[in-house]
Amino acid sequence: MQSDADLRQRAWDAAAQVVDPEIPVLTIADLGVLRDVTVRNGCVEVAITPTYSGCPAMNMIALEIELALAREGIADRKVHTVLSPAWTTDWLSEDGRRKLRDYGIVPPRAGSGRRALFGEVMVPCPQCESGDTELLSEFGSTSCKALWRCKSCREPFDYFKCH
Amino acid sequence: MAAASIQVSETPLVLYTLRRADDALILGHRLSEWCGHAPMLEEDMALANIGLDLLGQARELYSYAAKVEGNCNDEDKFASLRDVRQYRNLLLVERPNGDFAQTMARQFFYAAFADLYWRAMMASRDTTLAAIAAKSEKESAYHLRHCSEWMVRLGDGTDESHRRAQSAVDDLWAYTGEMFQADDSERGLIEAGIAVDTAGLRPRWLQTVTSVLSEATLTLPNNDWMQQGGRFGRHSEHLGHLLAELQSMQRTFPGATW
């Protein structure tokens, strides 16, 4: 018979492996989307928090968590979303930031206050590290990204917006 | 056989939440109509992105309204199975897209309001509404910046873009008054610290609007007469057409999922 603590740890480890379907280098643990795992009367409850209000990845993520728990043999399980406190890009782990950069997406600036939201004056190119870049579109290929272009190497790139 | 409309017990909090959810859904749907038709690819994506944010806000709000109401309604039923007269959105958000200037002016008037509104709602005593507000305020800030830039580009652009932008501002102005009105059911929630008294937001809204429009070399009409009715289900003829499209799947194939 395993203890609740063991079960919780197994469930956490399984859920923490689930990746964001839009940015598959990031796990939901890296993103800060995985908020909590609890065990109540033998039932595993996983709490996740939505990133952007309309992010279509959330349904997929909830389903992937269910599958990950099922693969661990955890039959009694629930996935629910918590809205408060609201997710912010500041919850992105250091590891997550590094993975994003390696993937070619510039990570968001820390400090997601309104100043950071509106002060993205210089976003360095992830390819050549030049600071001579320009914003092409505030709204990129997914809700979380803006589209930029490097004026030195001429490569377009994604920037993970502050939120 | 077409699915019948649902009944909703509109207690003050349910009604209040549905009004905001309907604003977000209808405006989000209008923006989705631009998909594949915007003047350029980047703008096509921007409008779809903004529409998606609004749809997300609508979903959270509908789900909360369903929870508060405590019947067996849910987000999908609220969206797909209420008739025109049961919709509670602002008349502004159901205005047809028109040309690009009309769409941008509509978005600008609304975003300038939503930005202030959601920021104020973060202090609501209702923790769910406050949580939804904390997400929506960041999104609204991006929306406002985007359409403010477009208002300036269009207004201070060519003679043709200026003429169209001015005519959009003139046409939509009378639909902005509704954002700052509250009825008795809302006043109770304002007193309880759950809702924001939007009348108090109007001076700052007007300040934002005037400052962007003046940079855009556009002017506000002198006319102060305001249209109203959306909050009580009295809509323009445009909403019925919009709903016919939005609801056709669920009305035709009740309960369909994919």
# chains A, B, ... in the order shown; residues from 1 in each chain; ligands from 1
call {"tool": "closest_atom_pairs", "arguments": {"of": "chain B", "to": "chain A", "cutoff": "10 Å", "atoms": "only C-alpha atoms", "output": "Markdown table"}}
result
| residue | atom | partner | partner_atom | distance |
| --- | --- | --- | --- | --- |
| B:Leu41 | CA | A:Ser137 | CA | 9.8 |
| B:Glu42 | CA | A:Ser137 | CA | 6.1 |
| B:Glu43 | CA | A:Ser137 | CA | 7.9 |
| B:Asp44 | CA | A:Phe139 | CA | 9.5 |
| B:Met45 | CA | A:Phe139 | CA | 6.4 |
| B:Ala46 | CA | A:Phe139 | CA | 4.8 |
| B:Leu47 | CA | A:Phe139 | CA | 8.4 |
| B:Ala48 | CA | A:Phe139 | CA | 8.9 |
| B:Asn49 | CA | A:Ser143 | CA | 5.9 |
| B:Ile50 | CA | A:Phe139 | CA | 8.3 |
| B:Gly51 | CA | A:Gly54 | CA | 8.6 |
| B:Leu52 | CA | A:Gly54 | CA | 5.1 |
| B:Asp53 | CA | A:Gly54 | CA | 4.7 |
| B:Leu54 | CA | A:Gly54 | CA | 7.0 |
| B:Leu55 | CA | A:Gly54 | CA | 6.0 |
| B:Gly56 | CA | A:Gly54 | CA | 3.6 |
| B:Gln57 | CA | A:Ser53 | CA | 5.6 |
| B:Ala58 | CA | A:Ser53 | CA | 8.8 |
| B:Arg59 | CA | A:Gly54 | CA | 8.2 |
| B:Glu60 | CA | A:Ser53 | CA | 7.8 |
| B:Thr127 | CA | A:Ser84 | CA | 8.0 |
| B:Thr128 | CA | A:Leu83 | CA | 7.3 |
| B:Leu129 | CA | A:Leu83 | CA | 9.6 |
| B:Ala130 | CA | A:Ser84 | CA | 8.4 |
| B:Ala131 | CA | A:Ser84 | CA | 5.2 |
| B:Ile132 | CA | A:Leu83 | CA | 6.9 |
| B:Ala133 | CA | A:Ala86 | CA | 9.0 |
| B:Ala134 | CA | A:Ala86 | CA | 6.1 |
| B:Lys135 | CA | A:Ala86 | CA | 6.0 |
| B:Ser136 | CA | A:Ser53 | CA | 7.3 |
| B:Glu137 | CA | A:Arg114 | CA | 9.8 |
| B:Lys138 | CA | A:His163 | CA | 6.4 |
| B:Glu139 | CA | A:His163 | CA | 8.0 |
| B:Ala141 | CA | A:Leu117 | CA | 8.3 |
| B:Tyr142 | CA | A:Leu117 | CA | 8.1 |
| B:His143 | CA | A:Glu138 | CA | 9.5 |
| B:Arg145 | CA | A:Phe118 | CA | 8.7 |
| B:His146 | CA | A:Glu138 | CA | 7.5 |
call {"tool": "write_last_selection", "arguments": {"atoms": "C-alpha atoms", "output": "tab-separated table (two decimals), in the first residue's frame"}}
result
chain	number	residue	atom	x	y	z
B	41	LEU	CA	-1.59	38.59	-43.23
B	42	GLU	CA	-0.24	40.12	-40.01
B	43	GLU	CA	-3.54	41.90	-39.42
B	44	ASP	CA	-5.49	38.76	-40.19
B	45	MET	CA	-3.58	37.05	-37.37
B	46	ALA	CA	-3.91	40.03	-35.05
B	47	LEU	CA	-7.70	40.17	-35.42
B	48	ALA	CA	-7.98	36.41	-34.94
B	49	ASN	CA	-5.75	36.65	-31.85
B	50	ILE	CA	-7.82	39.42	-30.32
B	51	GLY	CA	-10.99	37.50	-31.16
B	52	LEU	CA	-9.54	34.42	-29.47
B	53	ASP	CA	-8.73	36.39	-26.31
B	54	LEU	CA	-12.32	37.62	-26.23
B	55	LEU	CA	-13.69	34.13	-26.80
B	56	GLY	CA	-11.56	32.90	-23.90
B	57	GLN	CA	-12.89	35.65	-21.66
B	58	ALA	CA	-16.43	34.76	-22.72
B	59	ARG	CA	-15.88	31.10	-21.85
B	60	GLU	CA	-14.66	31.89	-18.34
B	127	THR	CA	-12.97	36.37	-6.33
B	128	THR	CA	-13.83	34.63	-9.62
B	129	LEU	CA	-14.66	37.88	-11.40
B	130	ALA	CA	-11.49	39.41	-9.94
B	131	ALA	CA	-9.45	36.46	-11.27
B	132	ILE	CA	-11.00	36.73	-14.73
B	133	ALA	CA	-10.27	40.47	-14.62
B	134	ALA	CA	-6.60	39.87	-13.76
B	135	LYS	CA	-6.18	37.92	-17.01
B	136	SER	CA	-8.37	40.12	-19.17
B	137	GLU	CA	-6.73	43.39	-18.20
B	138	LYS	CA	-3.38	42.38	-19.71
B	139	GLU	CA	-5.07	41.20	-22.88
B	141	ALA	CA	-3.99	46.46	-22.78
B	142	TYR	CA	-2.50	44.78	-25.86
B	143	HIS	CA	-5.78	45.22	-27.76
B	145	ARG	CA	-2.40	49.54	-27.99
B	146	HIS	CA	-2.98	47.73	-31.28
call {"tool": "select_by_dssp", "arguments": {"residues": "chain A", "states": "alpha helix (DSSP H)", "output": "VMD selection string"}}
result
chain A and resid 4 to 16 28 to 31 57 to 71 94 to 103 114 to 118
call {"tool": "residues_around", "arguments": {"residues": "Trp12 in chain A", "least_positions_apart": "6", "cutoff": "12 Å", "atoms": "only C-alpha atoms", "output": "compact mmCIF listing (two decimals) with N, CA and C atoms, in the first residue's frame"}}
result
# COMPACT_ATOMS: atom_id res chain seq x y z
N ASP A 4 -0.04 8.43 0.56
CA ASP A 4 -0.55 9.54 -0.24
C ASP A 4 0.61 10.36 -0.80
N ALA A 5 1.67 10.49 0.03
CA ALA A 5 2.81 11.30 -0.40
C ALA A 5 3.48 10.68 -1.63
N ASP A 6 3.62 9.34 -1.61
CA ASP A 6 4.22 8.66 -2.76
C ASP A 6 3.35 8.81 -4.00
N VAL A 18 4.18 16.46 -19.11
CA VAL A 18 3.31 16.87 -20.22
C VAL A 18 3.84 18.17 -20.84
N ILE A 28 4.65 21.60 -18.85
CA ILE A 28 3.72 22.47 -18.13
C ILE A 28 4.29 22.87 -16.78
N ALA A 29 5.30 22.10 -16.30
CA ALA A 29 5.98 22.50 -15.06
C ALA A 29 6.89 23.70 -15.34
N LEU A 34 1.25 23.98 -14.35
CA LEU A 34 0.94 22.95 -13.34
C LEU A 34 1.03 23.62 -11.97
N ARG A 35 -0.09 23.76 -11.30
CA ARG A 35 -0.10 24.50 -10.04
C ARG A 35 0.00 23.61 -8.82
N ASP A 36 -0.70 22.50 -8.85
CA ASP A 36 -0.78 21.71 -7.63
C ASP A 36 -1.26 20.29 -7.93
N VAL A 37 -0.78 19.36 -7.13
CA VAL A 37 -1.31 18.00 -7.19
C VAL A 37 -1.63 17.60 -5.75
N THR A 38 -2.86 17.17 -5.53
CA THR A 38 -3.25 16.75 -4.18
C THR A 38 -3.88 15.37 -4.25
N VAL A 39 -3.86 14.70 -3.12
CA VAL A 39 -4.52 13.40 -3.03
C VAL A 39 -5.57 13.49 -1.94
N VAL A 44 -6.54 11.48 -7.06
CA VAL A 44 -5.51 12.46 -7.42
C VAL A 44 -6.18 13.66 -8.11
N GLU A 45 -5.93 14.85 -7.57
CA GLU A 45 -6.50 16.05 -8.20
C GLU A 45 -5.36 16.94 -8.68
N VAL A 46 -5.38 17.21 -9.97
CA VAL A 46 -4.35 18.06 -10.56
C VAL A 46 -4.95 19.42 -10.88
N ALA A 47 -4.31 20.48 -10.39
CA ALA A 47 -4.79 21.83 -10.68
C ALA A 47 -3.87 22.49 -11.70
N ILE A 48 -4.48 22.97 -12.78
CA ILE A 48 -3.70 23.72 -13.78
C ILE A 48 -4.31 25.10 -13.93
N ILE A 65 -2.70 15.30 -19.50
CA ILE A 65 -2.47 14.97 -18.09
C ILE A 65 -3.24 13.71 -17.72
N GLU A 66 -4.51 13.67 -18.16
CA GLU A 66 -5.33 12.47 -17.91
C GLU A 66 -4.62 11.23 -18.44
N ALA A 68 -1.39 10.85 -19.08
CA ALA A 68 -0.14 10.59 -18.36
C ALA A 68 -0.43 9.88 -17.04
N LEU A 69 -1.50 10.29 -16.37
CA LEU A 69 -1.86 9.65 -15.10
C LEU A 69 -2.35 8.23 -15.35
N GLU A 72 0.34 5.87 -15.71
CA GLU A 72 0.94 5.56 -14.40
C GLU A 72 0.05 4.63 -13.60
N ILE A 74 -2.95 5.39 -12.57
CA ILE A 74 -3.78 6.13 -11.61
C ILE A 74 -5.18 6.29 -12.21
call {"tool": "residues_around", "arguments": {"residues": "Ala62 in chain A", "least_positions_apart": "3", "cutoff": "9 Å", "atoms": "only C-alpha atoms", "output": "PyMOL selection string"}}
result
chain A and resi 48+57-59+65-67+79-81
call {"tool": "closest_residue", "arguments": {"among": "B:Arg251, B:His241, B:Arg187, B:His162", "to": "Arg95 in chain B", "atoms": "only C-alpha atoms"}}
result
B:His241
call {"tool": "atom_distance", "arguments": {"atom1": "CA of Pro108 in chain A", "atom2": "CA of Phe160 in chain A"}}
result
5.1 Å
call {"tool": "select_by_dssp", "arguments": {"residues": "chain A", "states": "strand (DSSP E or B)", "output": "PDB file with C-alpha atoms, in the first residue's frame"}}
result
ATOM      1  CA  VAL A  19       4.469  19.383 -22.824  1.00  0.00           C
ATOM      2  CA  THR A  27       6.711  21.166 -20.053  1.00  0.00           C
ATOM      3  CA  LEU A  34       0.937  22.953 -13.340  1.00  0.00           C
ATOM      4  CA  ARG A  35      -0.101  24.500 -10.042  1.00  0.00           C
ATOM      5  CA  ASP A  36      -0.779  21.713  -7.626  1.00  0.00           C
ATOM      6  CA  VAL A  37      -1.306  17.999  -7.193  1.00  0.00           C
ATOM      7  CA  THR A  38      -3.246  16.754  -4.183  1.00  0.00           C
ATOM      8  CA  VAL A  39      -4.517  13.401  -3.030  1.00  0.00           C
ATOM      9  CA  ARG A  40      -7.902  13.304  -1.367  1.00  0.00           C
ATOM     10  CA  CYS A  43      -8.273  10.523  -5.669  1.00  0.00           C
ATOM     11  CA  VAL A  44      -5.515  12.460  -7.420  1.00  0.00           C
ATOM     12  CA  GLU A  45      -6.496  16.051  -8.200  1.00  0.00           C
ATOM     13  CA  VAL A  46      -4.345  18.057 -10.560  1.00  0.00           C
ATOM     14  CA  ALA A  47      -4.793  21.834 -10.681  1.00  0.00           C
ATOM     15  CA  ILE A  48      -3.704  23.724 -13.778  1.00  0.00           C
ATOM     16  CA  ARG A  77      -8.097  11.252 -10.977  1.00  0.00           C
ATOM     17  CA  LYS A  78      -9.424  14.707 -11.737  1.00  0.00           C
ATOM     18  CA  VAL A  79      -7.996  17.679 -13.613  1.00  0.00           C
ATOM     19  CA  HIS A  80      -9.400  21.090 -12.838  1.00  0.00           C
ATOM     20  CA  THR A  81      -8.445  24.651 -13.624  1.00  0.00           C
ATOM     21  CA  ILE A 105      11.942  31.883 -29.208  1.00  0.00           C
ATOM     22  CA  VAL A 106      13.038  34.891 -27.190  1.00  0.00           C
ATOM     23  CA  THR A 133      15.559  44.219 -34.450  1.00  0.00           C
ATOM     24  CA  GLU A 134      12.035  45.384 -35.247  1.00  0.00           C
ATOM     25  CA  LEU A 135       8.511  44.379 -34.300  1.00  0.00           C
ATOM     26  CA  LEU A 136       6.598  43.031 -37.301  1.00  0.00           C
ATOM     27  CA  SER A 137       3.364  42.169 -35.517  1.00  0.00           C
ATOM     28  CA  LYS A 145       3.902  35.240 -29.220  1.00  0.00           C
ATOM     29  CA  ALA A 146       4.758  38.393 -31.166  1.00  0.00           C
ATOM     30  CA  LEU A 147       6.572  38.353 -34.508  1.00  0.00           C
ATOM     31  CA  TRP A 148       9.895  40.188 -34.789  1.00  0.00           C
ATOM     32  CA  ARG A 149      12.600  40.504 -37.427  1.00  0.00           C
ATOM     33  CA  CYS A 150      16.342  40.927 -37.080  1.00  0.00           C
ATOM     34  CA  PRO A 156      12.218  36.633 -38.543  1.00  0.00           C
ATOM     35  CA  PHE A 157      11.754  35.263 -35.011  1.00  0.00           C
ATOM     36  CA  ASP A 158       9.160  34.810 -32.270  1.00  0.00           C
ATOM     37  CA  TYR A 159       9.103  36.680 -29.005  1.00  0.00           C
ATOM     38  CA  PHE A 160       7.176  35.232 -26.056  1.00  0.00           C
TER      39      PHE A 160
END
call {"tool": "closest_residue", "arguments": {"among": "B:Leu189, B:Ala199, B:Leu18, B:Ile194", "to": "Tyr62 in chain B", "atoms": "only C-alpha atoms"}}
result
B:Leu18
